[in-house]
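So this block is entry-v7.cif, mmCIF, C-alpha atoms and all ligand atoms:
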data_final
loop_
_atom_site.label_atom_id
_atom_site.label_comp_id
_atom_site.auth_asym_id
_atom_site.auth_seq_id
_atom_site.Cartn_x
_atom_site.Cartn_y
_atom_site.Cartn_z
CA MET A 26 18.83 -6.48 -26.79
CA PHE A 27 16.71 -6.52 -23.65
CA GLN A 28 16.69 -3.10 -22.14
CA ASN A 29 15.34 -2.38 -18.70
CA LYS A 30 13.63 0.92 -19.28
CA ARG A 31 12.87 3.42 -16.56
CA ASP A 32 9.34 4.31 -15.64
CA ILE A 33 8.88 7.77 -17.12
CA ARG A 34 7.23 8.83 -13.89
CA SER A 35 10.44 8.41 -11.95
CA LEU A 36 11.70 11.58 -13.69
CA SER A 37 11.24 14.99 -12.10
CA GLN A 38 9.99 17.81 -14.29
CA ASP A 39 13.57 19.12 -14.53
CA ALA A 40 14.83 15.70 -15.59
CA LEU A 41 12.13 15.60 -18.28
CA ILE A 42 13.20 19.02 -19.55
CA GLU A 43 16.79 17.79 -19.66
CA PHE A 44 15.76 14.70 -21.58
CA PHE A 45 13.91 16.74 -24.21
CA ARG A 46 16.82 19.18 -24.54
CA GLU A 47 19.33 16.37 -25.01
CA SER A 48 17.08 14.75 -27.60
CA GLY A 49 16.92 17.98 -29.60
CA GLU A 50 13.24 18.52 -28.80
CA GLN A 51 11.69 21.63 -27.40
CA ALA A 52 11.71 21.95 -23.63
CA PHE A 53 8.06 23.00 -23.31
CA ARG A 54 7.14 19.43 -24.30
CA ALA A 55 8.31 18.42 -20.83
CA LYS A 56 5.54 20.43 -19.23
CA GLN A 57 2.97 18.83 -21.53
CA VAL A 58 4.23 15.37 -20.67
CA TYR A 59 4.25 16.21 -16.96
CA GLN A 60 0.59 17.22 -17.18
CA TRP A 61 -0.34 14.07 -19.07
CA LEU A 62 1.34 12.01 -16.39
CA TRP A 63 0.28 13.72 -13.20
CA GLN A 64 -2.81 15.77 -14.04
CA LYS A 65 -4.54 13.54 -16.56
CA SER A 66 -3.11 10.29 -15.17
CA VAL A 67 -2.55 8.67 -18.57
CA GLN A 68 -1.00 5.23 -18.55
CA SER A 69 0.39 5.03 -22.09
CA PHE A 70 2.33 7.25 -24.47
CA ASP A 71 -0.35 7.00 -27.15
CA GLN A 72 -2.77 8.89 -24.92
CA MET A 73 -0.51 11.96 -25.10
CA THR A 74 -2.35 13.25 -28.11
CA ASN A 75 -0.79 16.69 -28.36
CA LEU A 76 2.64 15.15 -28.99
CA SER A 77 3.74 14.21 -32.48
CA LYS A 78 4.00 10.55 -33.37
CA SER A 79 7.79 10.80 -33.50
CA THR A 80 7.96 12.35 -30.03
CA ARG A 81 5.80 9.58 -28.66
CA GLU A 82 8.07 7.02 -30.34
CA LEU A 83 11.09 8.68 -28.76
CA LEU A 84 9.47 8.35 -25.33
CA LYS A 85 8.53 4.73 -25.95
CA GLU A 86 12.10 3.88 -26.92
CA ASN A 87 13.44 5.31 -23.70
CA PHE A 88 10.79 4.80 -21.05
CA GLU A 89 7.90 2.66 -20.02
CA PHE A 90 4.98 2.63 -17.58
CA LYS A 91 5.24 0.17 -14.73
CA LEU A 92 1.57 -0.19 -14.02
CA LEU A 93 -0.32 -1.81 -11.21
CA LYS A 94 -3.19 -4.16 -11.80
CA VAL A 95 -6.18 -5.15 -9.71
CA ASP A 96 -5.70 -8.83 -9.08
CA LEU A 97 -8.68 -9.39 -6.80
CA LEU A 98 -11.58 -7.12 -6.00
CA HIS A 99 -13.88 -7.76 -3.05
CA ARG A 100 -17.03 -5.79 -2.38
CA SER A 101 -18.42 -5.67 1.11
CA LYS A 102 -22.11 -5.50 1.95
CA ASP A 103 -21.46 -2.01 3.33
CA GLY A 104 -20.03 -0.89 -0.01
CA THR A 105 -16.34 -1.04 0.91
CA ILE A 106 -14.18 -2.26 -1.96
CA LYS A 107 -10.94 -3.97 -1.15
CA ASN A 108 -8.41 -4.45 -3.93
CA ALA A 109 -5.46 -6.77 -3.91
CA VAL A 110 -3.22 -4.82 -6.23
CA LYS A 111 -0.42 -6.52 -8.13
CA LEU A 112 2.67 -4.41 -8.75
CA HIS A 113 4.91 -4.70 -11.80
CA ASP A 114 7.34 -7.03 -9.99
CA GLY A 115 4.61 -9.44 -8.90
CA THR A 116 4.35 -8.24 -5.29
CA PHE A 117 1.02 -7.23 -3.76
CA VAL A 118 -0.44 -4.43 -1.70
CA GLU A 119 -3.95 -3.52 -0.63
CA SER A 120 -5.91 -0.47 -1.64
CA VAL A 121 -9.37 0.10 -0.24
CA LEU A 122 -12.28 2.31 -1.19
CA ILE A 123 -14.44 3.32 1.77
CA PRO A 124 -17.74 4.97 0.90
CA THR A 125 -19.79 7.02 3.34
CA GLU A 126 -22.70 9.32 2.73
CA LYS A 127 -20.46 12.29 2.14
CA ARG A 128 -17.13 10.81 1.25
CA ILE A 129 -15.25 8.42 -0.94
CA THR A 130 -12.02 7.64 0.89
CA ALA A 131 -8.99 5.86 -0.51
CA CYS A 132 -6.99 3.86 2.00
CA VAL A 133 -3.59 3.39 0.37
CA SER A 134 -0.43 1.40 1.06
CA SER A 135 3.05 2.85 1.27
CA GLN A 136 5.21 -0.29 1.47
CA VAL A 137 5.01 -3.92 0.41
CA GLY A 138 4.73 -5.59 3.81
CA CYS A 139 5.98 -3.77 6.89
CA SER A 140 9.18 -3.79 8.93
CA LEU A 141 7.44 -3.03 12.19
CA ASP A 142 6.02 -5.83 14.25
CA CYS A 143 2.89 -4.53 15.92
CA THR A 144 1.63 -7.68 17.55
CA PHE A 145 -2.07 -7.12 16.69
CA CYS A 146 -1.58 -6.27 13.00
CA ALA A 147 -1.85 -8.72 10.13
CA THR A 148 0.68 -6.88 7.96
CA SER A 149 3.40 -7.48 10.53
CA ALA A 150 3.43 -11.12 9.47
CA LEU A 151 4.53 -9.99 6.00
CA LYS A 152 8.14 -8.89 6.05
CA ARG A 153 8.83 -5.51 4.53
CA MET A 154 9.87 -6.31 0.99
CA ARG A 155 10.25 -2.87 -0.48
CA ASN A 156 9.05 0.70 -0.53
CA LEU A 157 6.44 1.77 -3.03
CA SER A 158 7.53 4.35 -5.59
CA PRO A 159 5.68 7.68 -5.82
CA ASP A 160 3.81 6.53 -8.95
CA GLU A 161 2.70 3.30 -7.26
CA ILE A 162 1.16 5.36 -4.46
CA TYR A 163 -0.33 7.85 -6.92
CA ASP A 164 -1.78 5.03 -9.05
CA GLN A 165 -3.69 3.63 -6.08
CA VAL A 166 -5.37 7.01 -5.69
CA VAL A 167 -6.24 7.10 -9.39
CA LEU A 168 -7.61 3.56 -9.15
CA ILE A 169 -9.87 4.34 -6.20
CA ASN A 170 -11.08 7.51 -7.90
CA GLN A 171 -12.03 5.46 -10.99
CA GLN A 172 -13.81 2.91 -8.82
CA GLY A 173 -15.65 5.74 -7.00
CA ASN A 174 -16.99 6.95 -10.33
CA GLU A 175 -17.73 3.48 -11.63
CA TYR A 176 -19.46 2.04 -8.56
CA PHE A 177 -20.82 5.11 -6.78
CA ASP A 178 -20.95 7.81 -9.43
CA ARG A 179 -18.80 9.96 -7.15
CA SER A 180 -15.17 11.03 -7.22
CA LEU A 181 -12.64 10.51 -4.50
CA THR A 182 -12.78 13.02 -1.65
CA ASN A 183 -10.23 11.82 0.94
CA ILE A 184 -7.03 9.83 1.18
CA VAL A 185 -5.65 8.04 4.22
CA PHE A 186 -2.25 6.35 4.45
CA MET A 187 -3.58 3.48 6.53
CA GLY A 188 -2.93 0.56 4.22
CA MET A 189 0.14 -1.63 4.34
CA GLY A 190 3.41 -0.26 5.58
CA GLU A 191 4.75 2.57 7.65
CA PRO A 192 4.61 5.74 5.53
CA LEU A 193 7.31 7.56 7.49
CA LEU A 194 9.79 4.78 6.71
CA ASN A 195 9.22 5.59 3.04
CA TYR A 196 9.40 9.31 3.67
CA GLN A 197 10.69 10.69 0.35
CA ASN A 198 8.41 8.63 -1.88
CA VAL A 199 5.31 9.27 0.21
CA LEU A 200 5.93 13.03 0.21
CA SER A 201 6.71 13.02 -3.47
CA ALA A 202 3.44 11.14 -4.18
CA ILE A 203 1.51 13.62 -2.04
CA ASP A 204 3.12 16.44 -4.06
CA LYS A 205 1.76 14.96 -7.27
CA ILE A 206 -1.63 14.35 -5.70
CA THR A 207 -1.95 17.90 -4.35
CA ASP A 208 -0.15 19.88 -7.09
CA PRO A 209 -2.56 21.97 -9.23
CA ASN A 210 -0.59 20.53 -12.16
CA GLY A 211 -1.25 17.12 -10.66
CA LEU A 212 -4.53 15.83 -9.23
CA GLY A 213 -5.16 19.06 -7.32
CA ILE A 214 -6.59 17.38 -4.23
CA SER A 215 -6.43 19.56 -1.11
CA PRO A 216 -3.85 18.42 1.47
CA LYS A 217 -6.55 18.97 4.10
CA ARG A 218 -8.20 15.85 2.71
CA ILE A 219 -5.13 13.70 3.20
CA THR A 220 -4.17 11.96 6.45
CA LEU A 221 -0.88 10.23 7.06
CA SER A 222 -1.08 7.58 9.77
CA THR A 223 2.09 6.53 11.56
CA VAL A 224 3.29 4.52 14.54
CA GLY A 225 4.95 7.80 15.51
CA ILE A 226 8.65 8.23 14.78
CA PRO A 227 9.70 11.42 16.60
CA LYS A 228 12.62 12.36 14.34
CA LEU A 229 10.47 12.08 11.24
CA ILE A 230 7.47 13.83 12.79
CA LYS A 231 9.80 16.76 13.45
CA LYS A 232 11.11 16.54 9.91
CA MET A 233 7.57 16.72 8.52
CA ALA A 234 6.97 19.81 10.62
CA ASP A 235 10.22 21.35 9.34
CA ASP A 236 9.21 20.47 5.79
CA ALA A 237 5.99 22.42 6.41
CA VAL A 238 3.69 19.68 5.17
CA ARG A 239 0.02 20.62 4.97
CA PHE A 240 -1.69 17.26 5.31
CA ASN A 241 -3.14 15.82 8.54
CA LEU A 242 -1.29 13.63 10.98
CA ALA A 243 -2.70 10.60 12.78
CA VAL A 244 -0.67 8.61 15.31
CA SER A 245 -1.44 5.02 16.22
CA LEU A 246 -1.14 5.19 19.98
CA HIS A 247 -3.13 2.23 21.38
CA SER A 248 -1.72 2.80 24.85
CA ALA A 249 -0.42 5.80 26.75
CA ILE A 250 1.33 3.51 29.21
CA GLU A 251 4.95 2.86 28.33
CA GLU A 252 5.19 -0.88 29.12
CA LYS A 253 1.89 -1.70 27.44
CA ARG A 254 2.71 0.16 24.27
CA ALA A 255 6.09 -1.60 24.21
CA LYS A 256 4.29 -4.95 24.14
CA LEU A 257 1.77 -3.92 21.50
CA MET A 258 4.26 -2.19 19.22
CA PRO A 259 7.67 -3.57 20.15
CA LEU A 260 9.74 -2.27 17.27
CA ALA A 261 8.10 1.11 17.06
CA HIS A 262 8.68 1.40 20.74
CA ARG A 263 12.31 0.36 20.72
CA SER A 264 13.27 3.62 19.06
CA THR A 265 10.57 5.75 20.65
CA ASN A 266 9.39 6.31 24.15
CA LEU A 267 6.22 8.18 24.93
CA PHE A 268 8.13 11.17 26.21
CA ASP A 269 9.97 11.65 22.90
CA LEU A 270 6.78 11.02 20.98
CA ARG A 271 4.93 13.66 22.95
CA GLN A 272 7.74 16.12 22.49
CA SER A 273 7.74 15.61 18.74
CA LEU A 274 3.98 16.15 18.66
CA GLN A 275 4.36 19.40 20.59
CA TYR A 276 6.98 20.42 18.05
CA TRP A 277 4.61 19.50 15.20
CA TYR A 278 1.83 21.60 16.69
CA ALA A 279 4.09 24.58 17.40
CA LYS A 280 5.36 24.56 13.82
CA THR A 281 2.23 23.65 11.83
CA GLY A 282 -0.61 24.75 14.10
CA LYS A 283 -2.33 21.50 13.20
CA SER A 284 -3.92 19.23 15.79
CA ILE A 285 -3.32 15.49 15.87
CA THR A 286 -5.58 12.48 15.79
CA PHE A 287 -4.75 9.47 17.93
CA GLU A 288 -5.90 6.11 16.67
CA TYR A 289 -6.69 3.79 19.49
CA VAL A 290 -7.98 0.23 19.67
CA ILE A 291 -9.34 -1.03 22.99
CA TRP A 292 -8.75 -4.73 23.63
CA LYS A 293 -10.33 -6.83 26.28
CA GLY A 294 -8.03 -7.44 29.23
CA ILE A 295 -5.24 -5.41 27.67
CA ASN A 296 -6.06 -1.72 27.78
CA ASP A 297 -9.72 -1.59 28.77
CA THR A 298 -9.51 -0.22 32.32
CA GLU A 299 -10.23 3.21 33.71
CA PHE A 300 -6.52 3.53 34.48
CA ASP A 301 -5.73 3.12 30.76
CA ALA A 302 -8.38 5.64 29.75
CA LYS A 303 -7.09 8.21 32.25
CA ALA A 304 -3.52 7.74 31.04
CA LEU A 305 -4.73 8.46 27.50
CA ALA A 306 -6.67 11.54 28.61
CA LYS A 307 -3.55 12.81 30.34
CA PHE A 308 -1.35 12.13 27.32
CA CYS A 309 -3.80 14.03 25.11
CA GLY A 310 -3.68 17.03 27.39
CA VAL A 311 -0.48 18.50 26.02
CA ILE A 312 -1.68 19.59 22.57
CA PRO A 313 -5.01 19.77 20.73
CA THR A 314 -5.90 16.22 19.89
CA LYS A 315 -8.81 14.13 18.76
CA VAL A 316 -9.17 10.46 19.54
CA ASN A 317 -10.52 7.89 17.11
CA ILE A 318 -11.47 4.74 18.93
CA ILE A 319 -11.18 2.05 16.31
CA GLN A 320 -13.03 -1.22 16.39
CA TYR A 321 -10.66 -4.15 16.17
CA ASN A 322 -10.74 -6.35 13.12
CA PRO A 323 -9.73 -9.75 14.49
CA ILE A 324 -6.85 -11.58 12.87
CA ASP A 325 -7.15 -15.34 12.46
CA ASN A 326 -6.29 -17.10 15.70
CA GLY A 327 -4.88 -13.95 17.24
CA PRO A 328 -5.08 -13.45 21.01
CA TYR A 329 -6.63 -9.99 20.74
CA ILE A 330 -10.33 -9.45 21.32
CA GLN A 331 -12.33 -6.28 20.91
CA ALA A 332 -13.22 -4.75 24.30
CA SER A 333 -16.81 -4.51 25.47
CA GLN A 334 -19.08 -1.61 24.58
CA GLU A 335 -19.01 -0.50 28.21
CA SER A 336 -15.24 -0.06 28.08
CA VAL A 337 -15.51 1.90 24.85
CA PHE A 338 -18.12 4.22 26.37
CA MET A 339 -16.09 4.53 29.56
CA TYR A 340 -13.15 5.78 27.48
CA LYS A 341 -15.39 8.18 25.59
CA ARG A 342 -16.81 9.58 28.83
CA ILE A 343 -13.40 10.09 30.43
CA LEU A 344 -11.96 11.72 27.32
CA GLU A 345 -14.97 13.95 26.73
CA ASN A 346 -14.95 15.06 30.36
CA LYS A 347 -11.52 16.46 29.59
CA GLY A 348 -12.88 18.20 26.50
CA ILE A 349 -11.22 15.80 24.05
CA ILE A 350 -13.23 15.13 20.90
CA THR A 351 -13.71 11.38 20.67
CA THR A 352 -15.19 9.40 17.83
CA ILE A 353 -15.97 5.72 17.70
CA ARG A 354 -15.30 4.11 14.35
CA LEU A 355 -17.13 1.00 13.42
CA SER A 356 -15.27 -1.53 11.39
CA ARG A 357 -15.91 -1.26 7.66
CA GLY A 358 -15.76 -4.08 5.20
CA GLN A 359 -15.42 -6.66 7.93
CA ASP A 360 -17.12 -9.36 5.91
CA ILE A 361 -14.42 -9.18 3.25
CA ASP A 362 -11.55 -8.49 5.54
CA ALA A 363 -11.33 -11.62 7.60
CA ALA A 364 -7.73 -12.48 6.88
CA CYS A 365 -6.42 -8.99 6.90
CA GLY A 366 -7.81 -6.85 9.57
CA GLN A 367 -5.85 -3.71 9.62
CA LEU A 368 -7.58 -1.70 6.96
CA ALA A 369 -10.40 0.55 6.47
CA ASN A 370 -12.22 1.13 9.68
CA LYS A 371 -10.94 4.42 10.82
CA VAL A 372 -12.28 6.98 8.44
CA GLY A 373 -15.28 9.12 9.06
CA GLY A 374 -17.81 10.75 6.88
N1 LIG B 401 1.92 2.02 9.93
C1 LIG B 401 0.91 3.02 9.99
C2 LIG B 401 -0.18 2.87 8.95
C3 LIG B 401 -0.73 1.49 8.69
S1 LIG B 401 -1.74 0.73 9.91
C4 LIG B 401 0.33 3.09 11.39
O1 LIG B 401 0.66 2.24 12.21
O2 LIG B 401 -0.42 4.02 11.69
C5 LIG B 401 -3.17 1.74 9.99
C6 LIG B 401 -3.92 1.64 11.30
O3 LIG B 401 -4.58 0.38 11.44
C7 LIG B 401 -3.07 1.80 12.53
O4 LIG B 401 -3.73 2.63 13.47
C8 LIG B 401 -3.02 0.38 13.07
O5 LIG B 401 -2.71 0.36 14.43
C9 LIG B 401 -4.42 -0.10 12.77
N2 LIG B 401 -4.60 -1.56 12.77
C10 LIG B 401 -3.71 -2.51 12.48
N3 LIG B 401 -4.27 -3.73 12.58
C11 LIG B 401 -5.56 -3.55 12.93
C12 LIG B 401 -6.67 -4.41 13.16
N4 LIG B 401 -6.54 -5.73 13.04
N5 LIG B 401 -7.87 -3.85 13.48
C13 LIG B 401 -8.00 -2.52 13.58
N6 LIG B 401 -7.00 -1.64 13.36
C14 LIG B 401 -5.79 -2.16 13.05
#

Written as C-alpha cells, how would this file's structure read?
Amino acid sequence: MFQNKRDIRSLSQDALIEFFRESGEQAFRAKQVYQWLWQKSVQSFDQMTNLSKSTRELLKENFEFKLLKVDLLHRSKDGTIKNAVKLHDGTFVESVLIPTEKRITACVSSQVGCSLDCTFCATSALKRMRNLSPDEIYDQVVLINQQGNEYFDRSLTNIVFMGMGEPLLNYQNVLSAIDKITDPNGLGISPKRITLSTVGIPKLIKKMADDAVRFNLAVSLHSAIEEKRAKLMPLAHRSTNLFDLRQSLQYWYAKTGKSITFEYVIWKGINDTEFDAKALAKFCGVIPTKVNIIQYNPIDNGPYIQASQESVFMYKRILENKGIITTIRLSRGQDIDAACGQLANKVGG
C-alpha cells in the first residue's frame, strides 16, 4: 500500500526519542540520529553508519528524506552562482552563492513565491504557494556550503534571508531552521553571521526581540516617506505605517542591543531627491542603524530605473553627515539574473 511517509527531519529531538522508545530501541539512538541529520547533514539512512542495519531499516520503513535538487545552475562572470532549486513537490525556489574576497555568502529563500506585492520585485509576480519547511531552508545552506568547497575551495561564512519570500511570514520554520544551523549539535554557524531581511512587520519584529534571537536584522525600507513607501510596498504598508515600524525597531534595539541595517534602493524620479535622503536620515536617527544602498536589478519591462550616481552619492553624503554608516552595494550576478532581479546584491565582504 502506498504510504506517505514523513520526512524524518520534521521530528524534534524529543519526538525522535519517543519514536525509539515506542519501537523498543534505546533512546540514546535519537541523539545519534539527530547529529547525523543536523550536524553531519546526511541525506540517507545508509549514511548513518553507527546504527545497526535493523535500526536503519526501521527508520526507512517509517520515514523518508524529502530532498531538494539543483535543477539549473548559472555561474556569473563575477563568480556568483544562482541555483534554481526544485523541491520535492515540484515547486522551485532560488538559492544563491555570493563569493567575495573574504566571504562565501548563501542567499536563501524562505517561501515558494511571496504574498507581498512590492511593485519593484520580481518575486511578487509569483503568488505565495507555500512556506518552506525548516529542512528545506537548512538544505539550501548545506548546498551552498558544498558549492563553496567545490567551486572556491572555501566553506560558507554568512547566510542572508534575502531570497524568495518574506521570512517573518514563515516565522516558526525560519527560526527552527536557524536553530539547526546555529546549534553546536547542528551546523554550529554563529548567529552573528546570519541576517534576516524583512519588509518590516512590527508585531513580528517585537516577537523576535522577545524571543531573544541573536542573528542580525535588516529591514527593506526603500522610502522613509509614508505615501511613497505605500506605493512601493503596498501590502507591507497596509498593515504597517512608518511610525509603528520605527517603534518596533526601537523595541528591538532596547531588548537585543543590536543595531539595524536598512536596505534601500534609489530609483530615478521616485526617491532620488534631497528631500527623500533627508527623510531617511531623520528616520535613521532614532536608533543605531546602517544603510545599505542597493543597486537595482531591473526587471523585464518594469518601470523602475536605477538612479544616477550623483543621487547615490548625494544620499551617502547626507547620511554620513549625520554619522550614519552607509555602504553602496553593487549588483552581483547581474549577467545571470536578468529575469529575476531581487537577489544577491546586498551582501558585503
Ligand atoms: N521579503 C524580504 C526578503 C526578500 S527580498 C524583504 O523584503 O526584505 C530581499 C531584498 O531584495 C529586499 O531588500 C528587496 O527589497 C530587494 N529587492 C527586491 N527586488 C529587487 C531588485 N529587482 N533589485 C534590487 N533589490 C531588490

Tell me which of A:Lys347, A:Arg128, A:Lys228, A:Lys94 sits closest to Glu161 in chain A, counting all atoms listed in the file. A:Lys94

Could you list, as a PyMOL selection string, all residues that come within 7 Å of ligand LIG 401 (chain B)? Count all atoms listed in the file. chain A and resi 145-147+186-192+222-224+244-245+288-290+319-324+365-368+370

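Of note, CA of Pro227 in chain A and CA of Thr298 in chain A are spaced 27.4 Å apart.
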
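The closest residue to Ile285 in chain A, picked from A:Asn170, A:Asn266, A:Asn317, A:Thr80 and counting all atoms listed in the file, is A:Asn317.
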
Contacts of Ile291 in chain A within 7 Å, all atoms listed in the file, excl. fewer than 6 positions in-chain, as a PDB file with C-alpha atoms, in the coordinates of the input:
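Once written, result-v4.pdb looks like this:
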ATOM      1  CA  ASP A 297      -9.720  -1.590  28.770  1.00  0.00           C
ATOM      2  CA  GLN A 331     -12.330  -6.280  20.910  1.00  0.00           C
ATOM      3  CA  ALA A 332     -13.220  -4.750  24.300  1.00  0.00           C
TER       4      ALA A 332
END

Write out as a PyMOL selection string the residues lying within 10 Å of Met154 in chain A, counting all atoms listed in the file and excluding same-chain residues fewer than 6 positions away. chain A and resi 116+136-140+190

So, counting all atoms listed in the file, which residue among A:Pro124, A:Arg31, A:Glu82, A:Asp204 is closest to Gln64 in chain A? A:Asp204

What separates CA of Glu299 in chain A and CA of Gln275 in chain A is a distance of 25.4 Å

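Proximity to Asn156 in chain A was assessed for A:Ser135, A:Ala249, A:Phe44, A:Gly104 counting all atoms listed in the file; the smallest distance is recorded for A:Ser135.
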
For Ile250 in chain A, the closest of A:Phe268, A:Tyr59, A:Phe45, A:Phe53 counting all atoms listed in the file is A:Phe268

Across A:Leu246, A:Ala306, A:Ile169, A:Met258, the smallest distance to Phe287 in chain A, with only C-alpha atoms counted, is shown by A:Leu246

Closest atom pairs, range 228-258 of chain A residues within 8 Å of range 218-221 of chain A, only C-alpha atoms, as CSV:
residue,atom,partner,partner_atom,distance
A:Phe240,CA,A:Ile219,CA,5.4
A:Asn241,CA,A:Thr220,CA,4.5
A:Leu242,CA,A:Leu221,CA,5.2
A:Ala243,CA,A:Leu221,CA,6.0

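The environment of Ile203 in chain A within 9 Å, counting only C-alpha atoms and disregarding residues fewer than 4 places along the same chain, consists of A:Pro159, A:Ile162, A:Tyr163, A:Asn198, A:Val199, A:Thr207, A:Asp208, A:Pro216, A:Ile219, A:Phe240.
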
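In this structure, CA of Trp292 in chain A sits 27.6 Å away from CA of Asn108 in chain A.
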
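Around range 280-283 of chain A, within 8 Å and counting only C-alpha atoms, the residues found are Ala234, Asp235, Ala237, Val238, Arg239 and Asn241 of chain A, once anything fewer than 6 positions away on its own chain is removed.
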
Neighbour residues at most 10 Å from (-16.9, 6.9, -6.6) (all atoms listed in the file) as a PyMOL selection string: chain A and resi 122-124+128-130+169-182

Can you tell me which residues surround Ile230 in chain A at a distance of at most 9 Å, considering only C-alpha atoms, apart from same-chain residues fewer than 6 positions away, and format the answer as a ChimeraX atom specification? /A:193,242,270,273-274,276-277
